[in-house]
>>> print(open('data_26.cif').read())   # mmCIF, C-alpha atoms and all ligand atoms
data_protein
#
loop_
_atom_site.label_atom_id
_atom_site.label_comp_id
_atom_site.auth_asym_id
_atom_site.auth_seq_id
_atom_site.Cartn_x
_atom_site.Cartn_y
_atom_site.Cartn_z
CA MET A 1 0.00 0.00 0.00
CA SER A 2 1.44 3.34 -0.97
CA THR A 3 1.60 6.28 1.40
CA SER A 4 1.98 8.76 -1.41
CA LYS A 5 0.85 12.29 -0.71
CA SER A 6 -2.26 11.89 -2.84
CA TYR A 7 -3.85 9.99 0.07
CA TYR A 8 -3.26 12.80 2.53
CA LYS A 9 -6.28 14.83 3.55
CA PRO A 10 -4.74 18.09 4.74
CA LEU A 11 -6.71 20.24 7.13
CA ASN A 12 -6.51 23.68 5.56
CA ILE A 13 -6.04 25.80 8.66
CA SER A 14 -3.40 27.81 10.43
CA SER A 15 -2.68 27.88 14.16
CA VAL A 16 -5.36 26.22 16.28
CA PHE A 17 -4.63 28.73 19.04
CA ARG A 18 -6.38 32.07 19.40
CA PRO A 19 -4.76 35.12 17.84
CA GLY A 20 -2.82 37.19 20.37
CA LEU A 21 -2.42 34.24 22.78
CA PHE A 22 1.27 35.04 23.32
CA GLU A 23 1.17 38.84 23.06
CA ASN A 24 3.62 40.52 25.48
CA ARG A 25 5.49 37.26 25.83
CA VAL A 26 9.18 36.79 25.07
CA ALA A 27 10.62 33.48 23.90
CA ILE A 28 14.00 32.02 22.98
CA VAL A 29 13.94 29.24 20.37
CA THR A 30 17.30 27.55 19.82
CA GLY A 31 17.73 26.23 16.30
CA GLY A 32 14.89 28.59 15.39
CA ALA A 33 16.04 29.31 11.85
CA THR A 34 15.49 25.85 10.39
CA GLY A 35 13.12 22.90 10.37
CA ILE A 36 11.04 22.32 13.48
CA GLY A 37 12.52 25.34 15.27
CA LYS A 38 11.53 27.59 12.38
CA GLY A 39 8.00 26.24 12.56
CA ILE A 40 7.83 26.90 16.30
CA THR A 41 9.16 30.42 15.73
CA LYS A 42 6.54 31.12 13.07
CA GLU A 43 3.65 29.92 15.20
CA LEU A 44 4.83 31.90 18.24
CA LEU A 45 5.22 35.06 16.15
CA PHE A 46 1.83 34.44 14.55
CA LEU A 47 0.37 34.36 18.06
CA GLY A 48 2.01 37.68 18.97
CA CYS A 49 5.11 36.50 20.83
CA THR A 50 8.48 38.26 20.60
CA VAL A 51 10.96 35.57 19.55
CA VAL A 52 14.75 35.38 19.78
CA ILE A 53 16.20 32.66 17.57
CA ALA A 54 19.66 31.37 18.40
CA SER A 55 22.07 28.94 16.79
CA ARG A 56 25.68 28.60 15.62
CA LYS A 57 25.65 29.63 11.98
CA ALA A 58 25.17 33.30 11.10
CA ASP A 59 24.21 32.62 7.49
CA ARG A 60 21.53 30.12 8.49
CA LEU A 61 20.16 32.57 11.03
CA ALA A 62 20.09 35.42 8.52
CA ASP A 63 18.41 33.36 5.79
CA GLY A 64 15.90 31.89 8.22
CA ALA A 65 15.08 35.28 9.73
CA GLU A 66 14.48 36.82 6.32
CA GLU A 67 12.17 34.01 5.29
CA ILE A 68 10.28 34.14 8.59
CA ARG A 69 9.84 37.93 8.42
CA ASN A 70 8.50 37.73 4.85
CA TRP A 71 6.16 34.95 5.88
CA LEU A 72 4.92 36.88 8.90
CA ALA A 73 4.29 40.01 6.85
CA ASN A 74 2.05 37.96 4.58
CA THR A 75 0.00 36.61 7.47
CA GLY A 76 -0.95 40.16 8.42
CA GLN A 77 0.34 39.58 11.97
CA ARG A 78 3.01 41.71 13.61
CA ALA A 79 5.62 40.56 16.10
CA THR A 80 9.30 41.05 16.82
CA LEU A 81 11.95 38.57 15.68
CA HIS A 82 15.52 38.93 16.92
CA VAL A 83 18.61 36.89 16.08
CA VAL A 84 21.51 35.92 18.38
CA GLN A 85 24.42 33.72 17.38
CA CYS A 86 24.98 31.11 20.08
CA ASN A 87 26.47 27.65 20.35
CA VAL A 88 24.51 25.90 23.10
CA ARG A 89 27.67 23.96 24.00
CA ASN A 90 29.44 27.17 24.99
CA GLU A 91 28.62 28.21 28.55
CA ASP A 92 29.62 31.85 28.08
CA GLU A 93 27.57 32.19 24.90
CA VAL A 94 24.54 30.66 26.64
CA LYS A 95 24.88 33.07 29.57
CA LYS A 96 25.09 35.95 27.11
CA LEU A 97 22.09 34.78 25.10
CA ILE A 98 19.90 34.87 28.20
CA SER A 99 21.28 38.16 29.54
CA THR A 100 21.02 39.88 26.15
CA THR A 101 17.42 38.75 25.77
CA VAL A 102 16.44 39.96 29.24
CA GLN A 103 18.23 43.29 28.72
CA LYS A 104 16.73 43.91 25.30
CA PHE A 105 13.17 42.75 25.90
CA GLY A 106 12.88 43.16 29.67
CA LYS A 107 12.03 39.54 30.44
CA LEU A 108 12.05 35.89 29.33
CA ASP A 109 8.78 33.96 29.46
CA PHE A 110 9.51 30.93 27.29
CA LEU A 111 12.58 28.84 26.51
CA ILE A 112 12.35 26.24 23.75
CA ASN A 113 15.45 24.04 23.67
CA ASN A 114 14.98 22.82 20.11
CA GLY A 115 18.51 23.12 18.72
CA GLY A 116 20.35 19.83 18.47
CA GLY A 117 21.25 16.90 16.33
CA GLN A 118 23.62 14.02 15.79
CA PHE A 119 25.23 11.86 13.12
CA LEU A 120 24.48 8.28 12.20
CA SER A 121 27.04 5.71 13.29
CA PRO A 122 27.26 2.21 14.75
CA THR A 123 28.00 2.86 18.41
CA ALA A 124 31.19 0.82 18.31
CA ASP A 125 32.63 3.28 15.79
CA ILE A 126 31.82 6.50 17.65
CA ARG A 127 34.98 8.31 18.74
CA LEU A 128 35.04 10.08 22.11
CA LYS A 129 35.11 13.49 20.42
CA GLY A 130 31.98 12.62 18.45
CA TRP A 131 30.24 11.21 21.51
CA ASN A 132 31.05 14.33 23.48
CA ALA A 133 29.94 16.62 20.64
CA VAL A 134 26.50 15.01 20.54
CA VAL A 135 26.00 14.72 24.30
CA GLU A 136 27.18 18.30 24.85
CA THR A 137 24.87 19.59 22.14
CA ASN A 138 21.71 17.81 23.21
CA LEU A 139 22.00 17.20 26.95
CA THR A 140 24.58 19.64 28.31
CA GLY A 141 23.32 22.46 26.10
CA THR A 142 19.78 21.90 27.35
CA PHE A 143 21.03 21.90 30.94
CA LEU A 144 23.01 25.14 30.45
CA LEU A 145 20.09 26.96 28.87
CA CYS A 146 17.63 25.79 31.52
CA ARG A 147 19.99 26.75 34.33
CA GLU A 148 20.74 30.20 32.97
CA ALA A 149 17.11 30.96 32.09
CA TYR A 150 16.15 29.97 35.63
CA ASN A 151 18.95 31.75 37.48
CA GLN A 152 18.88 34.93 35.41
CA TRP A 153 15.10 35.36 35.15
CA MET A 154 12.59 32.57 35.74
CA LYS A 155 13.44 31.84 39.37
CA GLU A 156 12.05 35.23 40.37
CA HIS A 157 9.44 35.72 37.67
CA GLY A 158 8.25 32.28 36.55
CA GLY A 159 8.36 30.92 33.03
CA THR A 160 7.87 27.90 30.82
CA ILE A 161 10.44 25.62 29.23
CA VAL A 162 9.99 23.01 26.51
CA ASN A 163 12.86 20.63 25.77
CA MET A 164 13.42 18.45 22.71
CA ALA A 165 13.68 14.69 23.03
CA MET A 166 13.31 11.98 20.39
CA ASP A 167 11.86 8.47 20.04
CA MET A 168 14.68 6.78 21.95
CA TRP A 169 12.28 4.81 24.16
CA LYS A 170 13.58 1.44 22.97
CA GLY A 171 17.17 2.63 22.48
CA TYR A 172 18.26 4.10 19.18
CA PRO A 173 20.52 1.91 17.03
CA TYR A 174 23.02 4.02 15.04
CA MET A 175 22.24 7.02 17.23
CA GLY A 176 23.44 5.66 20.58
CA HIS A 177 24.95 9.00 21.60
CA SER A 178 21.83 11.00 20.85
CA GLY A 179 19.47 8.36 22.28
CA ALA A 180 21.38 8.45 25.57
CA ALA A 181 21.49 12.24 25.59
CA ARG A 182 17.75 12.58 24.87
CA ALA A 183 16.89 10.02 27.55
CA GLY A 184 18.90 12.32 29.82
CA VAL A 185 16.83 15.26 28.64
CA VAL A 186 13.60 13.43 29.50
CA ASN A 187 14.95 12.67 32.98
CA LEU A 188 16.24 16.22 33.50
CA THR A 189 12.82 17.52 32.47
CA LYS A 190 11.20 15.53 35.28
CA THR A 191 13.72 16.74 37.83
CA LEU A 192 13.43 20.39 36.89
CA GLY A 193 9.65 20.16 36.70
CA VAL A 194 9.68 19.22 40.38
CA GLU A 195 12.55 21.43 41.58
CA TRP A 196 11.24 24.58 39.93
CA ALA A 197 7.49 24.15 40.42
CA GLN A 198 7.56 26.47 43.44
CA SER A 199 9.03 29.22 41.28
CA ASN A 200 6.08 28.89 38.89
CA VAL A 201 8.38 27.44 36.26
CA ARG A 202 7.00 24.53 34.24
CA VAL A 203 9.39 22.26 32.37
CA ASN A 204 8.14 19.80 29.77
CA ALA A 205 9.44 18.13 26.61
CA VAL A 206 8.27 16.84 23.26
CA ALA A 207 9.55 13.66 21.67
CA PRO A 208 9.02 13.67 17.91
CA GLY A 209 9.26 10.38 16.09
CA SER A 210 12.07 10.05 13.56
CA SER A 211 9.46 10.94 11.05
CA ILE A 212 8.99 14.69 11.12
CA VAL A 213 9.69 15.73 7.57
CA SER A 214 12.24 18.49 7.93
CA PRO A 215 14.23 19.24 4.78
CA THR A 216 17.17 20.58 6.77
CA ALA A 217 17.29 17.40 8.81
CA ALA A 218 17.37 15.29 5.64
CA ALA A 219 20.14 17.47 4.21
CA ASN A 220 22.16 17.03 7.41
CA TYR A 221 22.25 13.31 6.80
CA GLY A 222 23.29 13.86 3.19
CA ASN A 223 20.19 11.99 2.07
CA VAL A 224 17.15 13.98 1.04
CA SER A 225 15.08 10.79 0.73
CA ILE A 226 15.77 9.62 4.30
CA PHE A 227 12.08 10.00 5.19
CA ASP A 228 10.82 8.05 2.16
CA GLY A 229 8.87 4.94 3.12
CA VAL A 230 9.09 5.74 6.86
CA GLY A 231 5.32 6.18 7.07
CA GLU A 232 4.70 2.53 6.17
CA ASN A 233 5.72 1.37 9.67
CA ILE A 234 3.76 3.97 11.58
CA PRO A 235 0.22 3.11 12.75
CA MET A 236 -1.04 6.40 11.26
CA LYS A 237 0.57 5.34 7.98
CA ARG A 238 2.36 8.56 7.32
CA THR A 239 5.21 10.78 8.39
CA GLY A 240 4.59 13.78 10.62
CA THR A 241 4.59 17.48 9.88
CA VAL A 242 6.62 20.20 11.54
CA GLU A 243 3.34 21.87 12.53
CA GLU A 244 2.30 18.77 14.46
CA VAL A 245 5.31 19.34 16.72
CA CYS A 246 4.80 23.12 16.92
CA SER A 247 1.21 22.90 18.11
CA ALA A 248 2.22 20.57 20.95
CA VAL A 249 4.95 23.02 21.94
CA CYS A 250 2.50 25.94 21.86
CA PHE A 251 0.05 23.99 23.99
CA LEU A 252 2.73 23.27 26.59
CA LEU A 253 3.64 26.98 26.63
CA SER A 254 0.01 28.05 26.95
CA PRO A 255 -1.96 28.66 30.16
CA GLY A 256 -4.02 25.60 29.19
CA ALA A 257 -1.08 23.46 30.29
CA ALA A 258 -0.74 25.24 33.65
CA PHE A 259 -0.93 21.97 35.64
CA ILE A 260 1.44 19.97 33.44
CA THR A 261 5.11 19.76 34.33
CA GLY A 262 7.90 17.21 34.03
CA GLU A 263 6.03 15.55 31.16
CA THR A 264 7.23 14.45 27.72
CA ILE A 265 4.67 14.31 24.91
CA ARG A 266 5.32 11.78 22.14
CA ILE A 267 4.54 13.03 18.65
CA ASP A 268 5.07 9.96 16.56
CA GLY A 269 1.75 8.68 15.18
CA GLY A 270 1.81 5.83 17.70
CA HIS A 271 5.10 4.48 16.33
CA SER A 272 6.83 4.03 19.68
CA TYR A 273 3.89 1.96 20.98
CA TYR A 274 3.74 -0.24 17.89
CA ILE A 275 6.12 -2.89 19.12
CA THR A 276 4.52 -6.30 18.74
CA PRO A 277 6.32 -8.14 15.95
CA ASN A 278 3.63 -10.82 15.61
CA PHE A 279 0.85 -8.29 15.30
CA ARG A 280 0.63 -6.20 12.15
CA LEU A 281 -2.02 -3.57 11.62
CA PRO A 282 -3.96 -4.06 8.41
CA ASP A 283 -2.95 -1.68 5.66
CA SER A 284 -4.97 1.50 5.63
CA LYS A 285 -5.03 5.00 4.29
CA PRO A 286 -2.87 7.62 5.99
CA THR A 287 -4.65 9.65 8.65
CA ASP A 288 -5.54 13.33 8.29
CA VAL A 289 -2.61 15.72 8.44
CA TYR A 290 -2.32 18.93 10.44
CA SER A 291 -0.32 21.36 8.36
CA TRP A 292 -0.52 25.08 7.78
CA GLN A 293 -1.35 24.73 4.10
CA SER A 294 0.42 27.84 3.53
CA LYS A 295 -1.20 30.14 1.56
CA PHE A 296 1.15 32.13 3.75
CA ASP A 297 4.17 30.24 2.41
CA ALA A 298 3.11 30.69 -1.18
CA ASP A 299 2.57 34.39 -0.62
CA ALA A 300 5.79 34.74 1.30
CA ALA A 301 7.67 33.40 -1.70
CA LYS A 302 6.34 36.35 -3.69
CA GLY A 303 7.61 38.87 -1.13
CA PRO A 304 6.17 40.89 1.76
CA GLN A 305 3.75 43.00 -0.28
CA SER A 306 1.53 40.25 -1.61
CA LYS A 307 -2.07 39.97 -0.42
CA LEU A 308 -3.54 37.12 1.58
C1 LIG A 401 19.36 3.82 10.53
C2 LIG A 401 18.35 4.76 9.91
C3 LIG A 401 18.08 5.91 10.80
C4 LIG A 401 17.21 6.93 10.14
C5 LIG A 401 17.42 8.22 10.83
C6 LIG A 401 16.34 9.16 10.51
C7 LIG A 401 16.58 10.39 11.28
C8 LIG A 401 15.44 11.26 11.08
C9 LIG A 401 15.13 11.94 12.35
C10 LIG A 401 15.89 13.17 12.51
C11 LIG A 401 16.32 13.46 13.68
C12 LIG A 401 17.06 14.68 13.88
O1 LIG A 401 17.59 14.89 14.91
S1 LIG A 401 17.16 15.79 12.65
C13 LIG A 401 18.36 17.02 13.13
C14 LIG A 401 19.54 16.86 12.29
N1 LIG A 401 20.35 18.03 12.45
C15 LIG A 401 21.59 17.89 12.87
O2 LIG A 401 22.05 16.82 13.21
C16 LIG A 401 22.41 19.17 12.89
C17 LIG A 401 23.23 19.29 14.10
N2 LIG A 401 24.33 18.28 14.15
C18 LIG A 401 25.61 18.63 14.19
O3 LIG A 401 25.95 19.82 14.16
C19 LIG A 401 26.65 17.55 14.32
O4 LIG A 401 26.11 16.33 13.93
C20 LIG A 401 27.24 17.42 15.73
C21 LIG A 401 28.25 16.30 15.74
C22 LIG A 401 26.15 17.16 16.75
C23 LIG A 401 27.99 18.70 16.15
O5 LIG A 401 28.83 19.16 15.16
P1 LIG A 401 30.21 19.95 15.44
O6 LIG A 401 30.39 20.86 14.30
O7 LIG A 401 30.25 20.56 16.76
O8 LIG A 401 31.23 18.85 15.50
P2 LIG A 401 32.12 18.32 14.33
O9 LIG A 401 33.43 19.03 14.42
O10 LIG A 401 31.40 18.31 13.04
O11 LIG A 401 32.33 16.83 14.78
C24 LIG A 401 32.85 16.49 16.08
C25 LIG A 401 33.17 15.00 16.02
O12 LIG A 401 31.96 14.27 15.85
C26 LIG A 401 32.23 13.14 15.03
N3 LIG A 401 31.41 13.22 13.83
C27 LIG A 401 30.76 14.29 13.38
N4 LIG A 401 30.07 14.01 12.25
C28 LIG A 401 30.28 12.71 11.99
C29 LIG A 401 29.83 11.81 10.98
N5 LIG A 401 29.01 12.19 10.00
N6 LIG A 401 30.25 10.53 11.06
C30 LIG A 401 31.08 10.12 12.05
N7 LIG A 401 31.53 10.94 13.02
C31 LIG A 401 31.16 12.20 13.00
C32 LIG A 401 33.70 13.16 14.72
O13 LIG A 401 34.38 12.40 15.71
C33 LIG A 401 34.04 14.63 14.85
O14 LIG A 401 35.38 14.88 15.13
P3 LIG A 401 36.51 14.80 13.98
O15 LIG A 401 36.76 13.36 13.81
O16 LIG A 401 37.68 15.52 14.55
O17 LIG A 401 35.94 15.44 12.76
N1 LIG A 402 13.17 15.86 12.27
C1 LIG A 402 12.92 14.86 13.08
O1 LIG A 402 12.30 13.86 12.67
C2 LIG A 402 13.35 14.91 14.51
C3 LIG A 402 14.06 15.96 15.05
N2 LIG A 402 14.41 15.95 16.37
C4 LIG A 402 15.14 17.06 16.97
O2 LIG A 402 14.40 18.25 16.76
C5 LIG A 402 15.31 19.36 16.72
C6 LIG A 402 15.10 20.12 15.43
O3 LIG A 402 15.44 19.25 14.36
P1 LIG A 402 15.09 19.53 12.83
O4 LIG A 402 14.39 20.82 12.72
O5 LIG A 402 14.46 18.34 12.27
O6 LIG A 402 16.55 19.60 12.20
P2 LIG A 402 17.49 20.84 11.81
O7 LIG A 402 18.79 20.27 11.41
O8 LIG A 402 16.77 21.73 10.88
O9 LIG A 402 17.62 21.63 13.18
C7 LIG A 402 18.70 21.60 14.01
C8 LIG A 402 18.90 23.02 14.49
O10 LIG A 402 19.73 22.99 15.66
C9 LIG A 402 20.68 24.02 15.54
N3 LIG A 402 21.86 23.59 16.29
C10 LIG A 402 22.56 22.44 16.13
N4 LIG A 402 23.59 22.39 16.97
C11 LIG A 402 23.55 23.54 17.69
C12 LIG A 402 24.35 24.09 18.70
N5 LIG A 402 25.45 23.44 19.16
N6 LIG A 402 24.03 25.30 19.22
C13 LIG A 402 22.95 25.98 18.76
N7 LIG A 402 22.14 25.50 17.79
C14 LIG A 402 22.44 24.30 17.26
C15 LIG A 402 20.93 24.17 14.05
O11 LIG A 402 21.38 25.47 13.70
P3 LIG A 402 22.94 25.81 13.43
O12 LIG A 402 23.43 24.80 12.47
O13 LIG A 402 22.90 27.22 12.91
O14 LIG A 402 23.61 25.74 14.76
C16 LIG A 402 19.57 23.92 13.47
O15 LIG A 402 18.85 25.12 13.35
C17 LIG A 402 16.70 18.78 16.87
O16 LIG A 402 17.09 18.78 18.23
C18 LIG A 402 16.49 17.37 16.38
O17 LIG A 402 17.51 16.51 16.79
C19 LIG A 402 14.04 14.94 17.19
C20 LIG A 402 13.34 13.88 16.72
C21 LIG A 402 12.97 13.76 15.34
#
>>> encode(input="data_26.cif", output="structure tokens")
Amino acid sequence: MSTSKSYYKPLNISSVFRPGLFENRVAIVTGGATGIGKGITKELLFLGCTVVIASRKADRLADGAEEIRNWLANTGQRATLHVVQCNVRNEDEVKKLISTTVQKFGKLDFLINNGGGQFLSPTADIRLKGWNAVVETNLTGTFLLCREAYNQWMKEHGGTIVNMAMDMWKGYPYMGHSGAARAGVVNLTKTLGVEWAQSNVRVNAVAPGSSIVSPTAAANYGNVSIFDGVGENIPMKRTGTVEEVCSAVCFLLSPGAAFITGETIRIDGGHSYYITPNFRLPDSKPTDVYSWQSKFDADAAKGPQSKL
């Protein structure tokens, strides 16, 4: 059975959250210029939030910011986007990212630790430098950002943090370093959710399946077709969209999630629960997709002046 796009039934809508939900809020999104982070940035801006995007590469940040600003102009919404170069593995740069944000915008309401990644390798072949690079990026970087956001602002004023995990629940062959680091992130999320509850700081995480079609992610693996065929093994019979991660992040940031902390939400179409080798679901059509059928994207490609 094919999972070609012709079976998809896209829901032609934009954010499911009310306009202005995040007005007067300030967020940092690491890795906010590409892929999932870019999607999160767009939705936050669309909902009125001021967003600071931060990652290592100045050219990626500049290109991403330009695209996002054009896109936002075409939605008719207004919000502030700011760019800071920051390697989450560098303690000084992380401290500066938080202090700059607080100085410039007067506060920090949301931290989204999205930036991260890894390379594919049998674990036996991973050199210590490579192991450390991945663990420092995904686990230590998340720790540093959480700690600085808390100590510099959230401890006194409250705030909400969303961390990025992955579907490492059964281990992750060929991504042993990242699987271990993300399992650490899930555990750290629980700890901080408890330790910081009294400061009115909620800490949660999302765990996307290895199935969120992100062109930058595919390019990072040097294989643009890495997501092809992945949907076949997922109960929902399809890959996931960036927007399906973003909406979970926005929910966790919203007041509607005020009693949720320490939690990790799986966004994987049921893949991580589909474990029984002697039970196969019958073939079926892919389920409905949540995607901002952009209208906005098409208009953004034409430039900021085009009409909705
Ligand atoms: C099965 C099907 C599954 C299918 C899998 C499907 C996956 C789809 C799901 C997607 C999940 C995602 O997370 S998508 C997100 C993808 N995005 C990314 O991964 C981008 C971010 N990643 C990175 O920047 C890098 O991978 C990372 C290593 C973490 C950090 O890079 P740095 O520039 O800091 O470090 P580098 O100098 O490049 O490398 C440091 C060392 O790491 C090791 N190293 C780096 N790249 C390496 C490589 N390709 N192969 C071996 N080893 C490598 C070497 O030892 C390097 O040292 P030397 O020996 O001295 O060079
Ligand atoms: N796509 C998927 O299916 C899944 C993705 N994930 C995770 O979701 C997150 C987003 O991935 P996705 O959008 O798909 O892929 P991308 O490659 O597009 O995103 C990775 C982002 O992280 C940034 N980044 C990487 N290393 C650092 C660092 N040391 N300091 C600061 N920023 C950094 C990159 O920017 P720059 O290069 O400029 O630093 C880039 O913007 C990642 O953590 C990824 O591992 C998890 C599960 C599945």
>>> residues_around(input="data_26.cif", residues="range 163-177 of chain A", least_positions_apart="4", cutoff="8 Å", atoms="all atoms listed in the file", output="NGL selection string")
:A and (112-115 or 118-123 or 131 or 134-135 or 142 or 181-183 or 185-186 or 189 or 203-210 or 264 or 266 or 268 or 272)
>>> closest_residue(input="data_26.cif", among="A:Val51, A:Ile161, A:Met236, A:Ala217", to="ligand LIG 401 (chain A)", atoms="all atoms listed in the file")
A:Ala217
>>> closest_residue(input="data_26.cif", among="A:Ala218, A:Leu97, A:Cys146, A:Leu47", to="ligand LIG 402 (chain A)", atoms="all atoms listed in the file")
A:Ala218
>>> residues_around(input="data_26.cif", residues="range 24-32 of chain A", least_positions_apart="4", cutoff="6 Å", atoms="all atoms listed in the file", output="ChimeraX atom specification")
/A:37-38,49-55,108-115
>>> atom_distance(input="data_26.cif", atom1="atom C6 of ligand LIG 401 (chain A)", atom2="CA of Gly222 in chain A")
11.1 Å
>>> closest_residue(input="data_26.cif", among="A:Leu252, A:Ile267, A:Ile234, A:Ile68", to="Thr287 in chain A", atoms="all atoms listed in the file")
A:Ile234
>>> residues_around(input="data_26.cif", residues="Phe46 in chain A", least_positions_apart="6", cutoff="8 Å", atoms="all atoms listed in the file", output="PyMOL selection string")
chain A and resi 15+19-20+72+75+77-79
>>> closest_residue(input="data_26.cif", among="A:Val162, A:Gly106, A:Glu91, A:Ile126", to="Phe251 in chain A", atoms="only C-alpha atoms")
A:Val162
>>> closest_residue(input="data_26.cif", among="A:Asp125, A:Asp59, A:Glu156, A:Glu67", to="ligand LIG 402 (chain A)", atoms="all atoms listed in the file")
A:Asp59
>>> residues_around(input="data_26.cif", residues="range 195-202 of chain A", least_positions_apart="3", cutoff="9 Å", atoms="all atoms listed in the file", output="PyMOL selection string")
chain A and resi 150+154-162+190-192+252-253+258-262
>>> build_atoms(input="data_26.cif", residues="range 179-193 of chain A", atoms="N, CA and C atoms", output="compact mmCIF listing (two decimals), keeping the file's coordinate frame")
# COMPACT_ATOMS: atom_id res chain seq x y z
N GLY A 179 20.50 9.05 21.50
CA GLY A 179 19.47 8.36 22.28
C GLY A 179 19.74 8.52 23.78
N ALA A 180 21.02 8.32 24.15
CA ALA A 180 21.38 8.45 25.57
C ALA A 180 21.20 9.89 26.04
N ALA A 181 21.61 10.83 25.20
CA ALA A 181 21.49 12.24 25.59
C ALA A 181 20.02 12.64 25.74
N ARG A 182 19.17 12.18 24.82
CA ARG A 182 17.75 12.58 24.87
C ARG A 182 17.04 11.90 26.04
N ALA A 183 17.45 10.66 26.35
CA ALA A 183 16.89 10.02 27.55
C ALA A 183 17.26 10.86 28.77
N GLY A 184 18.48 11.41 28.75
CA GLY A 184 18.90 12.32 29.82
C GLY A 184 18.04 13.57 29.86
N VAL A 185 17.68 14.06 28.69
CA VAL A 185 16.83 15.26 28.64
C VAL A 185 15.46 14.97 29.25
N VAL A 186 14.91 13.79 28.94
CA VAL A 186 13.60 13.43 29.50
C VAL A 186 13.70 13.37 31.03
N ASN A 187 14.79 12.79 31.53
CA ASN A 187 14.95 12.67 32.98
C ASN A 187 15.18 14.04 33.62
N LEU A 188 16.00 14.86 32.98
CA LEU A 188 16.24 16.22 33.50
C LEU A 188 14.94 17.03 33.54
N THR A 189 14.11 16.82 32.54
CA THR A 189 12.82 17.52 32.47
C THR A 189 11.96 17.19 33.69
N LYS A 190 11.97 15.92 34.09
CA LYS A 190 11.20 15.53 35.28
C LYS A 190 11.76 16.20 36.53
N THR A 191 13.07 16.16 36.65
CA THR A 191 13.72 16.74 37.83
C THR A 191 13.42 18.23 37.95
N LEU A 192 13.63 18.95 36.85
CA LEU A 192 13.43 20.39 36.89
C LEU A 192 11.95 20.75 37.09
N GLY A 193 11.08 19.92 36.51
CA GLY A 193 9.65 20.16 36.70
C GLY A 193 9.29 20.17 38.17
